[in-house]
Structure formats: structure tokens, C-alpha cells
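Text of input_38.cif, listed as mmCIF, C-alpha atoms and all ligand atoms:
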```
data_work
#
loop_
_atom_site.label_atom_id
_atom_site.label_comp_id
_atom_site.auth_asym_id
_atom_site.auth_seq_id
_atom_site.Cartn_x
_atom_site.Cartn_y
_atom_site.Cartn_z
CA MET A 1434 13.82 -6.91 10.97
CA SER A 1435 12.89 -4.03 13.29
CA ARG A 1436 10.14 -2.75 10.99
CA THR A 1437 6.79 -4.55 11.33
CA PRO A 1438 5.95 -6.33 8.05
CA PHE A 1439 3.02 -4.79 6.19
CA ILE A 1440 0.77 -7.05 4.12
CA ALA A 1441 -1.73 -5.04 2.13
CA GLY A 1442 -4.58 -6.01 -0.18
CA ASN A 1443 -5.80 -3.53 -2.79
CA TRP A 1444 -9.24 -4.69 -3.91
CA LYS A 1445 -9.42 -2.01 -6.63
CA MET A 1446 -12.98 -1.64 -8.07
CA ASN A 1447 -13.99 -5.17 -7.06
CA LEU A 1448 -16.47 -6.59 -4.49
CA ASP A 1449 -19.72 -4.91 -3.50
CA HIS A 1450 -20.44 -4.44 0.20
CA ALA A 1451 -21.98 -7.91 0.63
CA GLN A 1452 -19.03 -9.60 -1.12
CA ALA A 1453 -16.69 -7.51 1.04
CA VAL A 1454 -18.30 -8.90 4.19
CA THR A 1455 -17.87 -12.47 2.91
CA LEU A 1456 -14.22 -11.92 2.07
CA VAL A 1457 -13.34 -10.31 5.42
CA GLN A 1458 -15.15 -13.10 7.31
CA LYS A 1459 -13.29 -15.78 5.34
CA LEU A 1460 -10.01 -13.97 5.87
CA ALA A 1461 -10.66 -13.71 9.62
CA TRP A 1462 -11.52 -17.44 9.89
CA THR A 1463 -8.49 -18.48 7.87
CA LEU A 1464 -6.10 -16.36 9.89
CA ASP A 1465 -7.72 -17.48 13.13
CA ASP A 1466 -7.54 -21.16 12.17
CA THR A 1467 -3.81 -20.85 11.68
CA ASN A 1468 -3.32 -18.82 14.91
CA PHE A 1469 -2.04 -15.87 12.94
CA ASP A 1470 -0.03 -13.50 15.14
CA PHE A 1471 -1.11 -9.94 14.32
CA ASP A 1472 1.81 -8.60 16.37
CA LYS A 1473 4.20 -10.12 13.85
CA ALA A 1474 2.69 -8.54 10.74
CA GLU A 1475 0.17 -5.83 10.03
CA VAL A 1476 -2.58 -6.95 7.64
CA VAL A 1477 -4.38 -4.13 5.84
CA VAL A 1478 -7.16 -4.13 3.24
CA PHE A 1479 -8.04 -1.33 0.85
CA PRO A 1480 -11.70 -1.82 -0.15
CA PRO A 1481 -13.72 0.46 -2.46
CA PHE A 1482 -15.16 3.44 -0.53
CA THR A 1483 -18.67 1.93 -0.56
CA ASP A 1484 -17.45 -1.15 1.36
CA ILE A 1485 -15.58 0.63 4.12
CA ARG A 1486 -18.51 0.99 6.52
CA SER A 1487 -19.22 -2.76 6.24
CA VAL A 1488 -15.57 -3.61 6.85
CA GLN A 1489 -15.51 -1.25 9.84
CA THR A 1490 -18.56 -2.95 11.38
CA LEU A 1491 -16.95 -6.39 11.06
CA VAL A 1492 -13.56 -5.31 12.36
CA GLU A 1493 -15.03 -3.52 15.38
CA GLY A 1494 -17.72 -6.14 16.07
CA ASP A 1495 -15.32 -9.09 15.96
CA LYS A 1496 -12.39 -7.20 17.48
CA LEU A 1497 -10.40 -8.21 14.42
CA LYS A 1498 -6.90 -6.80 14.29
CA LEU A 1499 -7.30 -6.09 10.60
CA ALA A 1500 -6.54 -2.52 9.50
CA TYR A 1501 -8.17 -0.90 6.49
CA GLY A 1502 -7.88 2.19 4.38
CA GLY A 1503 -9.05 4.07 1.31
CA GLN A 1504 -7.72 3.53 -2.20
CA ASP A 1505 -7.51 7.29 -2.75
CA LEU A 1506 -8.49 10.58 -1.10
CA SER A 1507 -9.08 14.16 -2.16
CA ASP A 1508 -6.39 16.74 -1.52
CA GLN A 1509 -9.21 18.89 -0.05
CA ASP A 1510 -10.99 18.27 3.25
CA SER A 1511 -14.54 19.31 2.25
CA GLY A 1512 -16.51 21.42 -0.20
CA ALA A 1513 -17.62 21.49 -3.83
CA TYR A 1514 -15.61 18.52 -5.12
CA THR A 1515 -18.29 16.25 -6.55
CA GLY A 1516 -17.40 12.57 -6.46
CA ASP A 1517 -14.35 13.03 -4.23
CA ILE A 1518 -13.82 11.55 -0.76
CA SER A 1519 -11.95 13.42 1.95
CA GLY A 1520 -9.39 12.12 4.41
CA GLU A 1521 -11.67 13.34 7.17
CA PHE A 1522 -14.43 10.95 6.04
CA LEU A 1523 -11.99 8.04 5.91
CA ASN A 1524 -10.64 8.87 9.33
CA LYS A 1525 -14.16 8.98 10.80
CA LEU A 1526 -14.76 5.46 9.45
CA GLY A 1527 -11.74 4.18 11.35
CA ALA A 1528 -9.40 4.00 8.36
CA LYS A 1529 -5.75 4.07 9.32
CA TYR A 1530 -4.11 4.14 5.89
CA VAL A 1531 -4.75 5.51 2.42
CA LEU A 1532 -3.18 4.65 -0.93
CA VAL A 1533 -1.77 7.66 -2.76
CA GLY A 1534 -0.59 7.72 -6.37
CA HIS A 1535 -1.41 4.15 -7.36
CA SER A 1536 -0.31 3.77 -10.98
CA GLU A 1537 -3.96 3.38 -12.04
CA ARG A 1538 -4.69 6.82 -10.52
CA ARG A 1539 -1.59 8.30 -12.11
CA THR A 1540 -2.41 6.82 -15.54
CA ILE A 1541 -6.21 6.83 -15.77
CA HIS A 1542 -6.81 10.01 -13.75
CA GLY A 1543 -3.64 11.84 -14.75
CA GLU A 1544 -2.45 12.39 -11.18
CA SER A 1545 0.90 14.16 -11.19
CA ASP A 1546 3.57 14.06 -8.49
CA ALA A 1547 2.32 17.49 -7.32
CA VAL A 1548 -1.22 16.11 -6.92
CA CYS A 1549 0.20 13.14 -5.00
CA ALA A 1550 2.19 15.48 -2.73
CA ALA A 1551 -1.00 17.41 -1.94
CA LYS A 1552 -2.80 14.13 -1.19
CA VAL A 1553 0.03 12.99 1.08
CA GLN A 1554 -0.44 16.25 3.03
CA ALA A 1555 -4.23 15.74 3.14
CA ALA A 1556 -3.65 12.26 4.57
CA TYR A 1557 -1.42 13.51 7.39
CA ARG A 1558 -3.80 16.41 8.12
CA ASN A 1559 -6.47 13.79 8.80
CA ASP A 1560 -4.37 11.34 10.83
CA LEU A 1561 -4.08 8.83 8.01
CA VAL A 1562 -0.80 7.22 7.00
CA PRO A 1563 -0.24 7.42 3.24
CA VAL A 1564 0.96 4.39 1.33
CA LEU A 1565 2.67 6.22 -1.51
CA CYS A 1566 2.93 4.19 -4.71
CA VAL A 1567 5.77 4.74 -7.16
CA GLY A 1568 7.22 2.72 -10.02
CA GLU A 1569 8.28 2.75 -13.63
CA GLY A 1570 6.65 1.53 -16.85
CA LEU A 1571 8.11 -1.10 -19.15
CA GLU A 1572 9.83 1.31 -21.55
CA THR A 1573 11.65 3.06 -18.71
CA ARG A 1574 12.78 -0.29 -17.31
CA GLU A 1575 14.02 -1.40 -20.75
CA GLU A 1576 16.00 1.83 -21.04
CA ASN A 1577 17.51 1.02 -17.65
CA LYS A 1578 16.25 4.32 -16.24
CA HIS A 1579 13.93 2.73 -13.66
CA VAL A 1580 15.84 3.87 -10.57
CA GLU A 1581 16.18 7.51 -11.62
CA PHE A 1582 12.53 7.61 -12.79
CA THR A 1583 11.15 6.11 -9.56
CA LEU A 1584 13.28 8.31 -7.31
CA GLU A 1585 12.12 11.39 -9.18
CA GLN A 1586 8.49 10.33 -8.62
CA LEU A 1587 9.32 9.77 -4.95
CA ARG A 1588 10.90 13.22 -4.49
CA GLY A 1589 8.04 14.94 -6.31
CA SER A 1590 5.37 13.12 -4.33
CA LEU A 1591 7.05 13.86 -1.00
CA ASP A 1592 7.42 17.56 -1.69
CA GLY A 1593 6.65 19.50 1.51
CA LEU A 1594 6.73 16.44 3.78
CA SER A 1595 8.41 17.01 7.15
CA ALA A 1596 10.82 14.55 8.77
CA GLU A 1597 8.30 13.95 11.53
CA GLN A 1598 5.63 12.98 8.99
CA ALA A 1599 8.07 10.92 6.94
CA GLU A 1600 8.86 8.64 9.91
CA THR A 1601 5.52 6.84 9.58
CA LEU A 1602 5.35 6.86 5.78
CA VAL A 1603 4.86 3.66 3.80
CA VAL A 1604 6.19 3.55 0.22
CA ALA A 1605 5.07 0.89 -2.26
CA TYR A 1606 7.36 0.18 -5.20
CA GLU A 1607 5.09 -1.10 -7.94
CA PRO A 1608 6.66 -1.47 -11.38
CA VAL A 1609 3.74 -0.78 -13.72
CA TRP A 1610 4.75 -3.64 -16.03
CA ALA A 1611 4.23 -6.12 -13.17
CA ILE A 1612 0.77 -4.93 -12.04
CA GLY A 1613 -1.99 -7.34 -13.00
CA THR A 1614 0.18 -8.87 -15.71
CA GLY A 1615 1.40 -12.00 -13.95
CA LYS A 1616 4.99 -10.76 -14.43
CA VAL A 1617 6.62 -10.53 -11.02
CA ALA A 1618 9.83 -8.57 -10.64
CA THR A 1619 12.61 -10.72 -9.22
CA SER A 1620 13.32 -10.37 -5.54
CA ALA A 1621 16.65 -8.82 -6.56
CA ASP A 1622 14.74 -6.16 -8.58
CA ALA A 1623 12.53 -5.46 -5.57
CA GLN A 1624 15.57 -5.19 -3.29
CA GLU A 1625 17.49 -2.95 -5.71
CA MET A 1626 14.67 -0.40 -5.82
CA SER A 1627 13.76 -0.65 -2.14
CA ALA A 1628 17.39 0.02 -1.17
CA ALA A 1629 17.50 2.98 -3.59
CA ILE A 1630 14.28 4.39 -2.10
CA ARG A 1631 15.62 3.99 1.43
CA ALA A 1632 18.90 5.70 0.48
CA GLU A 1633 16.95 8.57 -1.09
CA ILE A 1634 14.85 8.99 2.06
CA GLU A 1635 18.06 9.10 4.08
CA LYS A 1636 19.32 11.88 1.78
CA LEU A 1637 16.06 13.82 2.04
CA TYR A 1638 15.62 13.34 5.81
CA SER A 1639 18.01 11.26 7.91
CA ALA A 1640 19.28 7.73 8.49
CA ASP A 1641 16.89 7.47 11.42
CA VAL A 1642 13.85 8.30 9.27
CA ALA A 1643 15.05 5.98 6.48
CA GLU A 1644 15.35 3.13 9.00
CA LYS A 1645 11.72 3.60 10.06
CA VAL A 1646 10.01 3.95 6.67
CA ARG A 1647 8.38 0.74 5.47
CA ILE A 1648 8.90 -0.13 1.82
CA LEU A 1649 6.62 -2.59 0.03
CA TYR A 1650 6.84 -4.37 -3.29
CA GLY A 1651 3.72 -4.72 -5.43
CA GLY A 1652 3.10 -6.41 -8.77
CA SER A 1653 1.43 -9.82 -9.27
CA VAL A 1654 2.48 -11.08 -5.81
CA LYS A 1655 1.12 -14.52 -4.87
CA ALA A 1656 1.58 -16.77 -1.84
CA ALA A 1657 4.28 -18.67 -3.76
CA SER A 1658 6.37 -15.56 -4.50
CA ALA A 1659 5.84 -13.58 -1.26
CA PRO A 1660 8.39 -15.35 1.02
CA GLU A 1661 11.37 -14.76 -1.29
CA ILE A 1662 10.46 -11.11 -1.89
CA MET A 1663 9.82 -10.54 1.83
CA GLY A 1664 13.19 -12.13 2.58
CA GLU A 1665 15.02 -9.16 1.05
CA ASN A 1666 16.61 -6.74 3.52
CA ASP A 1667 14.86 -3.57 2.42
CA VAL A 1668 11.47 -5.06 1.51
CA ASP A 1669 9.11 -4.72 4.47
CA GLY A 1670 5.92 -5.94 2.91
CA VAL A 1671 3.80 -6.42 -0.16
CA LEU A 1672 0.91 -4.61 -1.82
CA VAL A 1673 -1.28 -7.24 -3.43
CA GLY A 1674 -4.01 -6.65 -6.00
CA GLY A 1675 -5.62 -9.67 -7.69
CA ALA A 1676 -4.49 -12.26 -5.14
CA SER A 1677 -6.01 -10.26 -2.26
CA LEU A 1678 -9.50 -11.09 -3.59
CA ASP A 1679 -9.00 -14.72 -2.59
CA ALA A 1680 -9.14 -15.04 1.20
CA SER A 1681 -7.00 -18.15 1.53
CA GLU A 1682 -4.37 -16.95 -0.96
CA PHE A 1683 -4.14 -13.59 0.82
CA ALA A 1684 -3.99 -15.28 4.23
CA ASN A 1685 -1.12 -17.43 2.93
CA ILE A 1686 0.69 -14.30 1.75
CA ALA A 1687 0.27 -12.86 5.27
CA ARG A 1688 1.74 -16.10 6.63
CA PHE A 1689 4.86 -15.63 4.46
CA ASP A 1690 7.19 -16.75 7.26
CA ALA A 1691 5.10 -19.69 8.48
C1 LIG A 1701 -1.91 -3.41 -7.20
O1 LIG A 1701 -3.04 -3.18 -7.59
O2 LIG A 1701 -1.37 -2.61 -6.45
C2 LIG A 1701 -1.25 -4.65 -7.61
C3 LIG A 1701 -0.01 -4.86 -7.27
O3 LIG A 1701 -2.00 -5.54 -8.37
P1 LIG A 1701 -1.60 -7.07 -8.75
O4 LIG A 1701 -1.14 -7.74 -7.49
O5 LIG A 1701 -2.88 -7.64 -9.28
O6 LIG A 1701 -0.52 -7.00 -9.77
#
```
In C-alpha cells, what does this structure look like?
Amino acid sequence: MSRTPFIAGNWKMNLDHAQAVTLVQKLAWTLDDTNFDFDKAEVVVFPPFTDIRSVQTLVEGDKLKLAYGGQDLSDQDSGAYTGDISGEFLNKLGAKYVLVGHSERRTIHGESDAVCAAKVQAAYRNDLVPVLCVGEGLETREENKHVEFTLEQLRGSLDGLSAEQAETLVVAYEPVWAIGTGKVATSADAQEMSAAIRAEIEKLYSADVAEKVRILYGGSVKAASAPEIMGENDVDGVLVGGASLDASEFANIARFDA
């Protein structure tokens, strides 16, 4: 595979800053113990905002090749937006990535595709790479409309994105019915949607851009299920929620090809 695998952990609203330090230290020891090769796969964590400074200190202090990012960002860069966090702040804390449009943001905070598109732009304005999350709910899947639904979300959330920006984009396909439920989509499901997303990106931009974009699967991934999912042609990584809170489980996911 020419695209570098991307193994991401979304901590959601879990772990205070002290617990974050413990988890990153355990993760670093576990990966180190098994001589993990960071050139073979990028390992990224998405802590709550209040943990990011602690994670930055550890990563820089220990010269850890762990990347980190925010779970969300404002579509604005500064000003009277109480409670929001700008891409500029994340960038200044050394964040490289930011999640955009996670289904919990779309559902709980009512974020539309237009809001996600504005956030994708805010990410690029601040030198952050967005990890754009898309995916259908159970009803849509049962009606067999999951591909058309997800591609519509993709197009809407990429509105205004240039080909140059799109080259570095990461897309996470996360069927809502598989998030935190223990129900994992089959690797064939993950491949079907990842191939459809790649084909859509080719239509929107070019074959060259589509070849570069990394596409992840997310939804109840564990160390036991990661290798098969990662073995699919168009799946370049995984976005892991619950299992990323356990250092050895997450390290084993990162070692999917060991
Ligand atoms: C997620 O939060 O993006 C996720 C996929 O969660 P989980 O792995 O717990 O289903």
C-alpha cells in the first residue's frame, strides 16, 4: 500500500489530564517494547482539549513519534464564540490533525454538512489536516441507501475544498450503528464504502488525489478485528473510540500487521 496506514484513537470525553499522561506513557512503553516502527504506520490520538497540553509535553519531552489532534474545532479563528476552540489554538499546541463531523457532533450538536465544510476550511487555514467523519445510521443501512447517504454527506462536507487541500485529507467512514455498540461492520462493508468514497473523490478531483486520500473505518474496532479490516484495499486505517482508552489494546491495533 503506498498510503501510510493511519491508526487513530478518539478518546471522546474521557480521561482527565493526569489520566491522559498515564495512558500516553503506557502506550509509549508498549510500542517501544515491541520495537514499533513509526515509519510504517502513523499513530494519532485525539484527547479532550484540556489534555492536549499534557500530551504535547510528553510527546516533545520524550521525542515520541505520536501525533495528536483536536476532536473538533470552531469554523472561526478567534472572537466572541464562548466555549469554542479555534484551529489556531490547536496548531499552536502542536496538533497536526482535527476530527470534523464526528457523528456525535452531527447528532448531539446538530452540525450540518455546511458547518462541517466550514470547519474543514478552518482546519486547512490553520495548517491542520481534517479527519472528516461520515457514515449512515441503522435505518439508512436497512433501506440499503447507505452509499448514497454517505456520499452526499461527503460532497456536502467537502464543499469549497480545492484539489490541493484534498490531497492530504483523511476521511473516516463510521457507520453510526457500529459506534460504541460492539457491532463491527464486516470488512467487506468497510471496503465497499471506502471504494465508493475513493471513487467519489476521483470524480470530484482526480485519480491522483483519490489515490492519496487516506480512508479509515471506525466503529467498535478492536485488536482482534483490525487486521482483517486493514487488509482491505481501500481501507488505510482505523478510527478507534472505546478500545483506544486501553493502552495495550490500542498498541495491538497499531501493530495490526505484526
Ligand atoms: C469513534 O468514536 O469514532 C468510534 C469509532 O468509537 P468506538 O470504537 O467506541 O465504536
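Among A:Val1533, A:Ala1684, A:Ala1596, A:Ala1555, the residue with the shortest atom-to-atom distance to ligand LIG 1701 (chain A), counting only C-alpha atoms and all ligand atoms, is A:Val1533.
The shortest atom-to-atom distance to ligand LIG 1701 (chain A), with only C-alpha atoms and all ligand atoms taken into account, belongs to A:Lys1616 out of A:Lys1578, A:Lys1616, A:Arg1688, A:His1450.
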Using all atoms listed in the file, which residues of the polymer chains come no farther than 9 Å from ligand LIG 1701 (chain A)? I'd like the answer as a ChimeraX atom specification.
/A:1441-1445,1535-1537,1566,1605,1607-1617,1650-1655,1671-1677
Distance query Asp1508 in chain A at most 7 Å, only C-alpha atoms, self and fewer than 2 positions along chain excluded, as JSON, numbers by chain:
{"A": [1506, 1510, 1551, 1552, 1555]}
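One finds CA of Arg1538 in chain A at 13.1 Å from CA of Asp1517 in chain A.
You can rank A:Arg1588, A:Asn1524, A:Glu1600, A:Glu1576 by their closest distance to Asp1546 in chain A using all atoms listed in the file, and at the top of that list sits A:Arg1588.
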Non-local contacts of Asn1666 in chain A (12 Å; only C-alpha atoms; under 4 positions in same chain excluded) as a list in words:
Met1434, Ser1435, Arg1436, Pro1438, Ser1620, Ala1621, Ala1623, Gln1624, Glu1625, Met1626, Ser1627, Ala1628, Arg1631, Glu1644, Arg1647, Ile1648, Leu1649, Glu1661, Ile1662 and Gly1670 of chain A
Store the residues of this selection in a file with C-alpha atoms, as an mmCIF file, keeping the file's coordinate frame.
```cif
data_model
loop_
_atom_site.group_PDB
_atom_site.id
_atom_site.type_symbol
_atom_site.label_atom_id
_atom_site.label_comp_id
_atom_site.auth_asym_id
_atom_site.auth_seq_id
_atom_site.Cartn_x
_atom_site.Cartn_y
_atom_site.Cartn_z
ATOM 1 C CA MET A 1434 13.820 -6.910 10.970
ATOM 2 C CA SER A 1435 12.890 -4.030 13.290
ATOM 3 C CA ARG A 1436 10.140 -2.750 10.990
ATOM 4 C CA PRO A 1438 5.950 -6.330 8.050
ATOM 5 C CA SER A 1620 13.320 -10.370 -5.540
ATOM 6 C CA ALA A 1621 16.650 -8.820 -6.560
ATOM 7 C CA ALA A 1623 12.530 -5.460 -5.570
ATOM 8 C CA GLN A 1624 15.570 -5.190 -3.290
ATOM 9 C CA GLU A 1625 17.490 -2.950 -5.710
ATOM 10 C CA MET A 1626 14.670 -0.400 -5.820
ATOM 11 C CA SER A 1627 13.760 -0.650 -2.140
ATOM 12 C CA ALA A 1628 17.390 0.020 -1.170
ATOM 13 C CA ARG A 1631 15.620 3.990 1.430
ATOM 14 C CA GLU A 1644 15.350 3.130 9.000
ATOM 15 C CA ARG A 1647 8.380 0.740 5.470
ATOM 16 C CA ILE A 1648 8.900 -0.130 1.820
ATOM 17 C CA LEU A 1649 6.620 -2.590 0.030
ATOM 18 C CA GLU A 1661 11.370 -14.760 -1.290
ATOM 19 C CA ILE A 1662 10.460 -11.110 -1.890
ATOM 20 C CA GLY A 1670 5.920 -5.940 2.910
#
```
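Remark: for Gly1494 in chain A, the closest of the candidate residues A:Asn1468, A:Gln1586, A:Ser1519, A:Gln1458 is A:Gln1458 (distances computed over all atoms listed in the file).
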So that I can see what lies close to Val1562 in chain A, please list as a PyMOL selection string the residues with an atom at most 8 Å from it, counting all atoms listed in the file and leaving out residues fewer than 4 positions away in the same chain.
chain A and resi 1529-1531+1556-1557+1601-1603
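The interatomic distance for the pair CA of Leu1637 in chain A and CA of Ala1528 in chain A works out to 28.0 Å.
Atom to atom, CA of Ala1550 in chain A and CA of Leu1591 in chain A stand 5.4 Å apart.
Shortest atom-to-atom contact with Ser1507 in chain A among A:Ala1640, A:Leu1526, A:Val1548, A:Ala1599: A:Val1548, counting all atoms listed in the file.
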If we count all atoms listed in the file and set the cut-off at 12 Å, which residues sit around Val1492 in chain A, ignoring sequence neighbours fewer than 2 positions away in its own chain? Please answer as number ranges by chain.
A: 1453-1454, 1457-1458, 1460-1461, 1477-1478, 1485-1490, 1494-1501, 1526-1528
With C-alpha atoms as the atom set, please write range 1480-1545 of chain A from the structure just given, as a PDB file, in the first residue's frame.
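File written: result.pdb
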```pdb
ATOM      1  CA  PRO A1480      -7.666  13.754  23.511  1.00  0.00           C
ATOM      2  CA  PRO A1481     -10.155  16.218  25.031  1.00  0.00           C
ATOM      3  CA  PHE A1482      -8.945  19.830  24.613  1.00  0.00           C
ATOM      4  CA  THR A1483      -7.954  20.070  28.289  1.00  0.00           C
ATOM      5  CA  ASP A1484      -5.464  17.188  27.889  1.00  0.00           C
ATOM      6  CA  ILE A1485      -3.689  18.428  24.794  1.00  0.00           C
ATOM      7  CA  ARG A1486      -1.034  20.493  26.573  1.00  0.00           C
ATOM      8  CA  SER A1487      -0.106  17.478  28.736  1.00  0.00           C
ATOM      9  CA  VAL A1488       0.098  15.220  25.687  1.00  0.00           C
ATOM     10  CA  GLN A1489       2.237  17.815  23.889  1.00  0.00           C
ATOM     11  CA  THR A1490       4.689  17.976  26.811  1.00  0.00           C
ATOM     12  CA  LEU A1491       5.100  14.185  26.822  1.00  0.00           C
ATOM     13  CA  VAL A1492       5.450  13.863  23.070  1.00  0.00           C
ATOM     14  CA  GLU A1493       8.026  16.653  22.835  1.00  0.00           C
ATOM     15  CA  GLY A1494       9.879  15.682  26.024  1.00  0.00           C
ATOM     16  CA  ASP A1495      10.222  12.012  25.093  1.00  0.00           C
ATOM     17  CA  LYS A1496      10.621  12.641  21.364  1.00  0.00           C
ATOM     18  CA  LEU A1497       7.689  10.303  20.846  1.00  0.00           C
ATOM     19  CA  LYS A1498       6.572   9.953  17.260  1.00  0.00           C
ATOM     20  CA  LEU A1499       2.960  10.061  18.344  1.00  0.00           C
ATOM     21  CA  ALA A1500       0.769  12.639  16.596  1.00  0.00           C
ATOM     22  CA  TYR A1501      -2.260  14.225  18.223  1.00  0.00           C
ATOM     23  CA  GLY A1502      -5.180  16.411  17.343  1.00  0.00           C
ATOM     24  CA  GLY A1503      -8.421  18.004  18.487  1.00  0.00           C
ATOM     25  CA  GLN A1504     -11.803  16.282  18.498  1.00  0.00           C
ATOM     26  CA  ASP A1505     -13.428  19.376  16.996  1.00  0.00           C
ATOM     27  CA  LEU A1506     -12.658  22.999  16.122  1.00  0.00           C
ATOM     28  CA  SER A1507     -14.584  26.204  15.545  1.00  0.00           C
ATOM     29  CA  ASP A1508     -15.176  27.379  11.998  1.00  0.00           C
ATOM     30  CA  GLN A1509     -13.929  30.788  13.238  1.00  0.00           C
ATOM     31  CA  ASP A1510     -10.338  31.660  14.134  1.00  0.00           C
ATOM     32  CA  SER A1511     -10.983  33.966  17.129  1.00  0.00           C
ATOM     33  CA  GLY A1512     -13.566  36.232  18.717  1.00  0.00           C
ATOM     34  CA  ALA A1513     -16.827  36.115  20.658  1.00  0.00           C
ATOM     35  CA  TYR A1514     -17.523  32.372  20.398  1.00  0.00           C
ATOM     36  CA  THR A1515     -17.773  31.309  24.031  1.00  0.00           C
ATOM     37  CA  GLY A1516     -16.782  27.716  24.651  1.00  0.00           C
ATOM     38  CA  ASP A1517     -15.327  27.169  21.181  1.00  0.00           C
ATOM     39  CA  ILE A1518     -11.722  26.292  20.343  1.00  0.00           C
ATOM     40  CA  SER A1519     -10.010  27.598  17.218  1.00  0.00           C
ATOM     41  CA  GLY A1520      -7.753  25.781  14.801  1.00  0.00           C
ATOM     42  CA  GLU A1521      -5.108  28.378  15.577  1.00  0.00           C
ATOM     43  CA  PHE A1522      -5.031  27.302  19.243  1.00  0.00           C
ATOM     44  CA  LEU A1523      -4.728  23.643  18.262  1.00  0.00           C
ATOM     45  CA  ASN A1524      -1.972  24.412  15.814  1.00  0.00           C
ATOM     46  CA  LYS A1525      -0.026  26.351  18.457  1.00  0.00           C
ATOM     47  CA  LEU A1526      -0.186  23.283  20.731  1.00  0.00           C
ATOM     48  CA  GLY A1527       1.465  21.171  18.049  1.00  0.00           C
ATOM     49  CA  ALA A1528      -1.691  19.414  16.886  1.00  0.00           C
ATOM     50  CA  LYS A1529      -1.423  18.020  13.383  1.00  0.00           C
ATOM     51  CA  TYR A1530      -4.951  16.719  12.857  1.00  0.00           C
ATOM     52  CA  VAL A1531      -8.511  17.552  13.844  1.00  0.00           C
ATOM     53  CA  LEU A1532     -11.689  15.478  13.720  1.00  0.00           C
ATOM     54  CA  VAL A1533     -14.512  17.135  11.813  1.00  0.00           C
ATOM     55  CA  GLY A1534     -18.130  15.990  11.740  1.00  0.00           C
ATOM     56  CA  HIS A1535     -17.905  13.050  14.122  1.00  0.00           C
ATOM     57  CA  SER A1536     -21.396  11.550  14.303  1.00  0.00           C
ATOM     58  CA  GLU A1537     -21.668  12.638  17.954  1.00  0.00           C
ATOM     59  CA  ARG A1538     -21.100  16.251  16.836  1.00  0.00           C
ATOM     60  CA  ARG A1539     -23.549  15.871  13.974  1.00  0.00           C
ATOM     61  CA  THR A1540     -26.223  14.303  16.211  1.00  0.00           C
ATOM     62  CA  ILE A1541     -25.794  15.964  19.612  1.00  0.00           C
ATOM     63  CA  HIS A1542     -24.707  19.389  18.353  1.00  0.00           C
ATOM     64  CA  GLY A1543     -26.706  19.386  15.125  1.00  0.00           C
ATOM     65  CA  GLU A1544     -23.698  20.003  12.880  1.00  0.00           C
ATOM     66  CA  SER A1545     -24.775  20.062   9.245  1.00  0.00           C
TER      67      SER A1545
END
```
